[in-house]
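Novice: Mind having a look at this structure? Questions to follow.
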Amino acid sequence: MPDTPPEASVLRPDAPRPAEEDVARWPVLDNPHRAFLVVLGAIFAAEFLTMWWLRDISLSMEGMTDAFLDSFLLLAVTAPVLYLLFVRPMARGIAARARTERALRAAREGLERRVAERTSALEAANRSLRHEMEERTRADRRIHFQASLLDAVEQAVVATDVAGNILYWNRFAETLYGWKAADAQGQPLATLTPFDVEGACVDDVHSRCSVDRGWTGEVSVVRRDGSRFPAHLTCSPVRSADSELAGFVYAFLDIRERKEAEEALRYSEEKYSTLVENSPTGIFIYRDGKIVFANQRYLEMVGRSRDEIGSITPESTIHSDDWPRVQEIGRRRLAGESVPSEYECRIVSPAGQERWVSVRNTLVAFRRGVSVLGNIQDITERKSAEKAVRDSREALRRLSARLLTVQEDERRRVARELHDSIGQSLSAIKFVVERALEGAWPDKPTQPFLALQTLVPTIQSSVEEVRRISMALRPSTLDDLGLVATIAWFTREFQTALPDMRVERDVTVPEAAIPEALKTVIFRILQEALHNVGKHSRAGRVEVSLRREGGALVLCVKDDGAGFDAGSAKREDLGTGFGLSFMQERAELSGGILTVASAPGTGTEVTARWPLEGVRAAES
């Protein structure tokens, strides 16, 4: 029923009518007697003015009196007639109409009151109907939502009565078992989809569910096609308002994937256990200051038994000298800071046996907390081999240094022998020949005499060649005058041999500031560097400098030649044992560092640097 307010269907009692509105505008007309008096007054005034005008239109008192009397006489004659003929009947009609209107108004008010009461009742009924419809709609929606939930859930939900006959079969049950809801309705659950658990059947589950107020467990269920699958079953009793058993609700969850995952997990755990326990490296988990897990290899390496795992701490297994460093690495790793993923330390067994191990750590989640997973590998033999290699390299370095020293000594001895023995002998021979030639010449010189005369230049060139070989083997200026003078002499000789190449020399180090042990090394590196420049660079200018930079002595040979690939040239040079490797070996054996900067087309710069404090400490 439409919700129409009572004011819209009936007139309100106090609503003004059109006639009443006119009366309200003219208050004098609401009473016939009052209207009659007004009309008499108007007639009197009109008659008075008319008589006064017809008399003489003067303002004399006599004229006004006559006019007044005539007007009064006219009213006296016409007033009773008008009252009896018109006013009195009109007054009675108006009174009757007023009574009728009051009666009609009362009836109308009563009707409107009854209509309003009826309308209110209808509205209340309408509201009640709407509320009932809304409640029913909400109930239908709840039922539909619950049904949709049961259809959407990934479990087979089945409701039965007390006898086990199926009352409800959701959509997932159709998919899981292969039976449609219409086919399953009313069928016994034990016949349609039989299941068993540990030799029990549906009736046994009913009995347990009734007594225990519910039952949960794993069952084996049969599909429509006869195949079986494992399921997790929850059976709940349904009771009526008076607590009487009304039926059962079954929720079947297919657990094939979970079973497969559990089987895979068991296999993985077995494989993991096999791999971990038979791993050649020690594996442990560190948490809260203790070792909470360790494999057999780790226990063997630290000399502990499996019963002692709970009491093993890293501090008790790591060498006291290495523990502060290992502890700091562990603290920073647990704090999330960047630390080396692998480090080496020593472990100590209870018997005092030390072993070197390589440790790799990473953060893992273990037992609902952050732990450190460690992997240690015994590297004691490798450390011993490395020490042997280091000792061998040190011995080889000392041997190389000794060989270079012996070589320089032999060069010095051979140069001295050439200079002092052969050179002096040739000089004596030249002196004797020259003295013989200074005597009186015969008139006719014989052939031997002429041959002796041509021998003098040959002897002189031999003397110069011996001197050159001697200087090449070991410049005497290096021992007599020092390195600065030798560099000056050698660069002049190099400039003389290669006149097209300009040599610029910049030596700012005094002779006294150059350690004695470095003089021969510096000269040999300079000799080899300039030899390479003259042989390969095709340069137009070469700079030679010897200076001090901070606490280091620096030799630099730089040219503007063709340049080369320093990396590949060094690899090729290693096969011969000369050139760059020769200079580098000389520098390293004397405690310095040699670098070569070059690229095709950019020239070459060879720099050797020696820290003076280290060289003086080695000398002392």
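Identifiers in this document derive from the order of the structure tokens: chains are assigned A, B, ..., residues are numbered from 1 separately in each chain, and ligands are numbered from 1 in order of occurrence.
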List as a list in words the protein and nucleic acid residues near Arg333 in chain A, meaning an atom at most 12 Å away when only C-alpha atoms are counted, but skip any in the same chain fewer than 4 places from it.
Specialist: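 Those residues are Tyr286, Val326, Gln327, Glu328, Ile329, Glu337, Ser338, Val339, Pro340, Ser341, Glu342, Arg360, Asn361, Thr362, Leu363, Val364, Val370, Ser371, Val372, Leu373 and Gly374 of chain A.
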Novice: For the selection just defined, write its residues with all heavy atoms to a file, as a compact mmCIF listing (two decimals), in the first residue's frame.
Specialist:
# COMPACT_ATOMS: atom_id res chain seq x y z
N TYR A 286 75.27 -22.48 14.33
CA TYR A 286 75.64 -21.71 15.52
C TYR A 286 74.51 -20.75 15.86
O TYR A 286 74.02 -20.02 15.00
CB TYR A 286 76.95 -20.96 15.26
CG TYR A 286 77.28 -19.90 16.27
CD1 TYR A 286 77.80 -20.25 17.51
CD2 TYR A 286 77.10 -18.55 15.98
CE1 TYR A 286 78.13 -19.27 18.44
CE2 TYR A 286 77.42 -17.58 16.89
CZ TYR A 286 77.93 -17.93 18.13
OH TYR A 286 78.25 -16.96 19.04
N VAL A 326 87.43 -14.01 14.64
CA VAL A 326 86.26 -14.83 14.28
C VAL A 326 85.02 -14.32 15.00
O VAL A 326 83.93 -14.26 14.43
CB VAL A 326 86.53 -16.30 14.61
CG1 VAL A 326 85.28 -17.14 14.36
CG2 VAL A 326 87.70 -16.83 13.78
N GLN A 327 85.17 -13.95 16.26
CA GLN A 327 84.02 -13.43 17.03
C GLN A 327 83.49 -12.15 16.42
O GLN A 327 82.27 -11.94 16.32
CB GLN A 327 84.45 -13.20 18.48
CG GLN A 327 83.29 -12.78 19.40
CD GLN A 327 83.78 -12.52 20.81
OE1 GLN A 327 84.90 -12.06 21.01
NE2 GLN A 327 82.94 -12.79 21.78
N GLU A 328 84.37 -11.25 15.99
CA GLU A 328 83.93 -10.01 15.37
C GLU A 328 83.23 -10.27 14.04
O GLU A 328 82.21 -9.63 13.72
CB GLU A 328 85.15 -9.10 15.15
CG GLU A 328 84.84 -7.77 14.46
CD GLU A 328 83.94 -6.88 15.30
OE1 GLU A 328 83.78 -7.14 16.50
OE2 GLU A 328 83.38 -5.91 14.74
N ILE A 329 83.73 -11.23 13.25
CA ILE A 329 83.06 -11.58 11.99
C ILE A 329 81.66 -12.11 12.27
O ILE A 329 80.68 -11.74 11.60
CB ILE A 329 83.90 -12.62 11.22
CG1 ILE A 329 85.20 -11.97 10.71
CG2 ILE A 329 83.10 -13.19 10.04
CD1 ILE A 329 86.14 -12.95 10.04
N GLU A 337 75.77 -6.82 8.75
CA GLU A 337 76.81 -6.04 8.08
C GLU A 337 77.54 -6.92 7.05
O GLU A 337 77.44 -8.13 7.07
CB GLU A 337 77.80 -5.50 9.11
CG GLU A 337 77.16 -4.60 10.17
CD GLU A 337 78.18 -4.11 11.19
OE1 GLU A 337 79.40 -4.24 10.92
OE2 GLU A 337 77.76 -3.63 12.26
N SER A 338 78.26 -6.23 6.17
CA SER A 338 79.00 -6.93 5.13
C SER A 338 80.31 -7.47 5.71
O SER A 338 81.12 -6.71 6.26
CB SER A 338 79.28 -5.99 3.96
OG SER A 338 80.07 -6.62 2.98
N VAL A 339 80.50 -8.78 5.60
CA VAL A 339 81.72 -9.43 6.10
C VAL A 339 82.19 -10.42 5.04
O VAL A 339 81.41 -10.82 4.16
CB VAL A 339 81.46 -10.16 7.44
CG1 VAL A 339 81.12 -9.18 8.53
CG2 VAL A 339 80.33 -11.17 7.29
N PRO A 340 83.45 -10.84 5.10
CA PRO A 340 83.92 -11.85 4.13
C PRO A 340 83.11 -13.14 4.25
O PRO A 340 82.80 -13.60 5.35
CB PRO A 340 85.38 -12.07 4.53
CG PRO A 340 85.77 -10.84 5.30
CD PRO A 340 84.53 -10.38 5.99
N SER A 341 82.75 -13.70 3.10
CA SER A 341 81.99 -14.95 3.11
C SER A 341 82.86 -16.14 3.47
O SER A 341 82.35 -17.19 3.84
CB SER A 341 81.34 -15.17 1.74
OG SER A 341 82.34 -15.27 0.73
N GLU A 342 84.16 -15.99 3.37
CA GLU A 342 85.07 -17.09 3.67
C GLU A 342 86.30 -16.54 4.37
O GLU A 342 86.82 -15.48 4.01
CB GLU A 342 85.47 -17.82 2.39
CG GLU A 342 86.34 -19.04 2.61
CD GLU A 342 86.60 -19.82 1.34
OE1 GLU A 342 86.05 -19.41 0.28
OE2 GLU A 342 87.33 -20.81 1.39
N ARG A 360 83.23 -21.09 5.83
CA ARG A 360 82.24 -20.34 5.05
C ARG A 360 80.96 -20.29 5.86
O ARG A 360 80.45 -21.33 6.30
CB ARG A 360 81.97 -21.00 3.69
CG ARG A 360 83.14 -20.97 2.74
CD ARG A 360 82.76 -21.56 1.40
NE ARG A 360 81.74 -20.78 0.75
CZ ARG A 360 81.96 -19.74 -0.07
NH1 ARG A 360 83.20 -19.40 -0.33
NH2 ARG A 360 80.97 -19.09 -0.63
N ASN A 361 80.45 -19.08 6.08
CA ASN A 361 79.25 -18.89 6.91
C ASN A 361 78.16 -18.19 6.13
O ASN A 361 78.43 -17.38 5.22
CB ASN A 361 79.57 -18.05 8.16
CG ASN A 361 80.43 -18.81 9.15
OD1 ASN A 361 80.46 -20.03 9.12
ND2 ASN A 361 81.13 -18.10 10.01
N THR A 362 76.93 -18.48 6.50
CA THR A 362 75.78 -17.78 5.93
C THR A 362 74.66 -17.79 6.95
O THR A 362 74.60 -18.67 7.83
CB THR A 362 75.31 -18.44 4.62
OG1 THR A 362 74.25 -17.65 4.06
CG2 THR A 362 74.78 -19.84 4.88
N LEU A 363 73.75 -16.81 6.86
CA LEU A 363 72.62 -16.72 7.79
C LEU A 363 71.48 -17.60 7.29
O LEU A 363 71.15 -17.59 6.11
CB LEU A 363 72.15 -15.28 7.93
CG LEU A 363 73.13 -14.29 8.56
CD1 LEU A 363 72.51 -12.90 8.65
CD2 LEU A 363 73.54 -14.74 9.95
N VAL A 364 70.87 -18.35 8.21
CA VAL A 364 69.73 -19.21 7.88
C VAL A 364 68.68 -19.06 8.97
O VAL A 364 68.97 -18.62 10.09
CB VAL A 364 70.16 -20.69 7.75
CG1 VAL A 364 71.12 -20.88 6.60
CG2 VAL A 364 70.77 -21.20 9.06
N VAL A 370 67.15 -16.60 13.74
CA VAL A 370 68.27 -16.44 12.80
C VAL A 370 69.50 -17.13 13.39
O VAL A 370 69.86 -16.89 14.54
CB VAL A 370 68.56 -14.95 12.55
CG1 VAL A 370 69.75 -14.78 11.62
CG2 VAL A 370 67.33 -14.28 11.96
N SER A 371 70.10 -17.98 12.58
CA SER A 371 71.29 -18.72 13.01
C SER A 371 72.35 -18.62 11.93
O SER A 371 72.10 -18.14 10.82
CB SER A 371 70.94 -20.19 13.28
OG SER A 371 69.89 -20.31 14.23
N VAL A 372 73.55 -19.09 12.28
CA VAL A 372 74.67 -19.08 11.33
C VAL A 372 74.95 -20.52 10.92
O VAL A 372 75.21 -21.38 11.77
CB VAL A 372 75.92 -18.45 11.96
CG1 VAL A 372 77.10 -18.55 10.99
CG2 VAL A 372 75.65 -17.00 12.31
N LEU A 373 74.86 -20.77 9.62
CA LEU A 373 75.22 -22.07 9.06
C LEU A 373 76.67 -22.01 8.63
O LEU A 373 77.04 -21.18 7.79
CB LEU A 373 74.32 -22.43 7.88
CG LEU A 373 74.70 -23.69 7.11
CD1 LEU A 373 74.60 -24.92 8.00
CD2 LEU A 373 73.83 -23.85 5.87
N GLY A 374 77.50 -22.88 9.22
CA GLY A 374 78.92 -22.86 8.93
C GLY A 374 79.38 -24.12 8.24
O GLY A 374 78.82 -25.20 8.44
Novice: Can you list, as JSON, numbers by chain, every protein, DNA or RNA residue that comes within 7 Å of Gly282 in chain A when you count only C-alpha atoms, leaving out same-chain residues fewer than 4 positions away?
Specialist: {"A": [295, 297, 298, 375, 376, 377]}
Novice: Would you output that residue set with C-alpha atoms, as a PDB file, in the first residue's frame?
Specialist:
ATOM      1  CA  ASN A 295      77.735 -33.404  11.489  1.00  0.00           C
ATOM      2  CA  ARG A 297      82.988 -34.695  10.189  1.00  0.00           C
ATOM      3  CA  TYR A 298      82.844 -31.502  12.275  1.00  0.00           C
ATOM      4  CA  ASN A 375      80.999 -25.089   6.683  1.00  0.00           C
ATOM      5  CA  ILE A 376      84.616 -25.830   7.587  1.00  0.00           C
ATOM      6  CA  GLN A 377      87.198 -27.591   5.449  1.00  0.00           C
TER       7      GLN A 377
END
Novice: I need the residues in range 473-555 of chain A that are alpha helix (DSSP H) according to DSSP; give them as number ranges by chain.
Specialist: A: 473, 476-480, 483-497, 516-532
Novice: Using only C-alpha atoms, which residue out of A:Ser305, A:Thr193, A:Thr274, A:Ser581 lies closest to Tyr250 in chain A?
Specialist: A:Thr193
Novice: How far is it from CA of Val292 in chain A to CA of Gly369 in chain A, in Å with one decimal?
Specialist: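 Going from CA of Val292 in chain A over to CA of Gly369 in chain A, I get 12.3 Å.
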Novice: Dump as a Markdown table the rows for residues of range 451-520 of chain A within 9 Å of range 607-612 of chain A: closest atom pair and distance in Å with one decimal, only C-alpha atoms counted, ordered by chain and rising residue number.
Specialist:
| residue | atom | partner | partner_atom | distance |
| --- | --- | --- | --- | --- |
| A:Ile514 | CA | A:Leu612 | CA | 8.7 |
| A:Pro515 | CA | A:Leu612 | CA | 7.9 |
| A:Leu518 | CA | A:Trp610 | CA | 8.7 |
Novice: Those same residues - N, CA, C and O atoms - I'd like them written as a PDB file, in the first residue's frame.
Specialist:
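Result file is result-v9.pdb:
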ATOM      1  N   ILE A 514     121.935   7.938  -1.972  1.00  0.00           N
ATOM      2  CA  ILE A 514     121.567   6.689  -2.663  1.00  0.00           C
ATOM      3  C   ILE A 514     122.180   5.522  -1.907  1.00  0.00           C
ATOM      4  O   ILE A 514     123.407   5.470  -1.742  1.00  0.00           O
ATOM      5  N   PRO A 515     121.351   4.577  -1.439  1.00  0.00           N
ATOM      6  CA  PRO A 515     121.916   3.420  -0.736  1.00  0.00           C
ATOM      7  C   PRO A 515     122.856   2.635  -1.640  1.00  0.00           C
ATOM      8  O   PRO A 515     122.636   2.500  -2.847  1.00  0.00           O
ATOM      9  N   LEU A 518     121.534  -0.198  -3.853  1.00  0.00           N
ATOM     10  CA  LEU A 518     120.680   0.101  -4.993  1.00  0.00           C
ATOM     11  C   LEU A 518     121.432   0.629  -6.202  1.00  0.00           C
ATOM     12  O   LEU A 518     120.846   0.728  -7.293  1.00  0.00           O
TER      13      LEU A 518
END
Novice: Between CA of His232 in chain A and CA of Ala184 in chain A, what is the spacing in Å?
Specialist: 20.6 Å
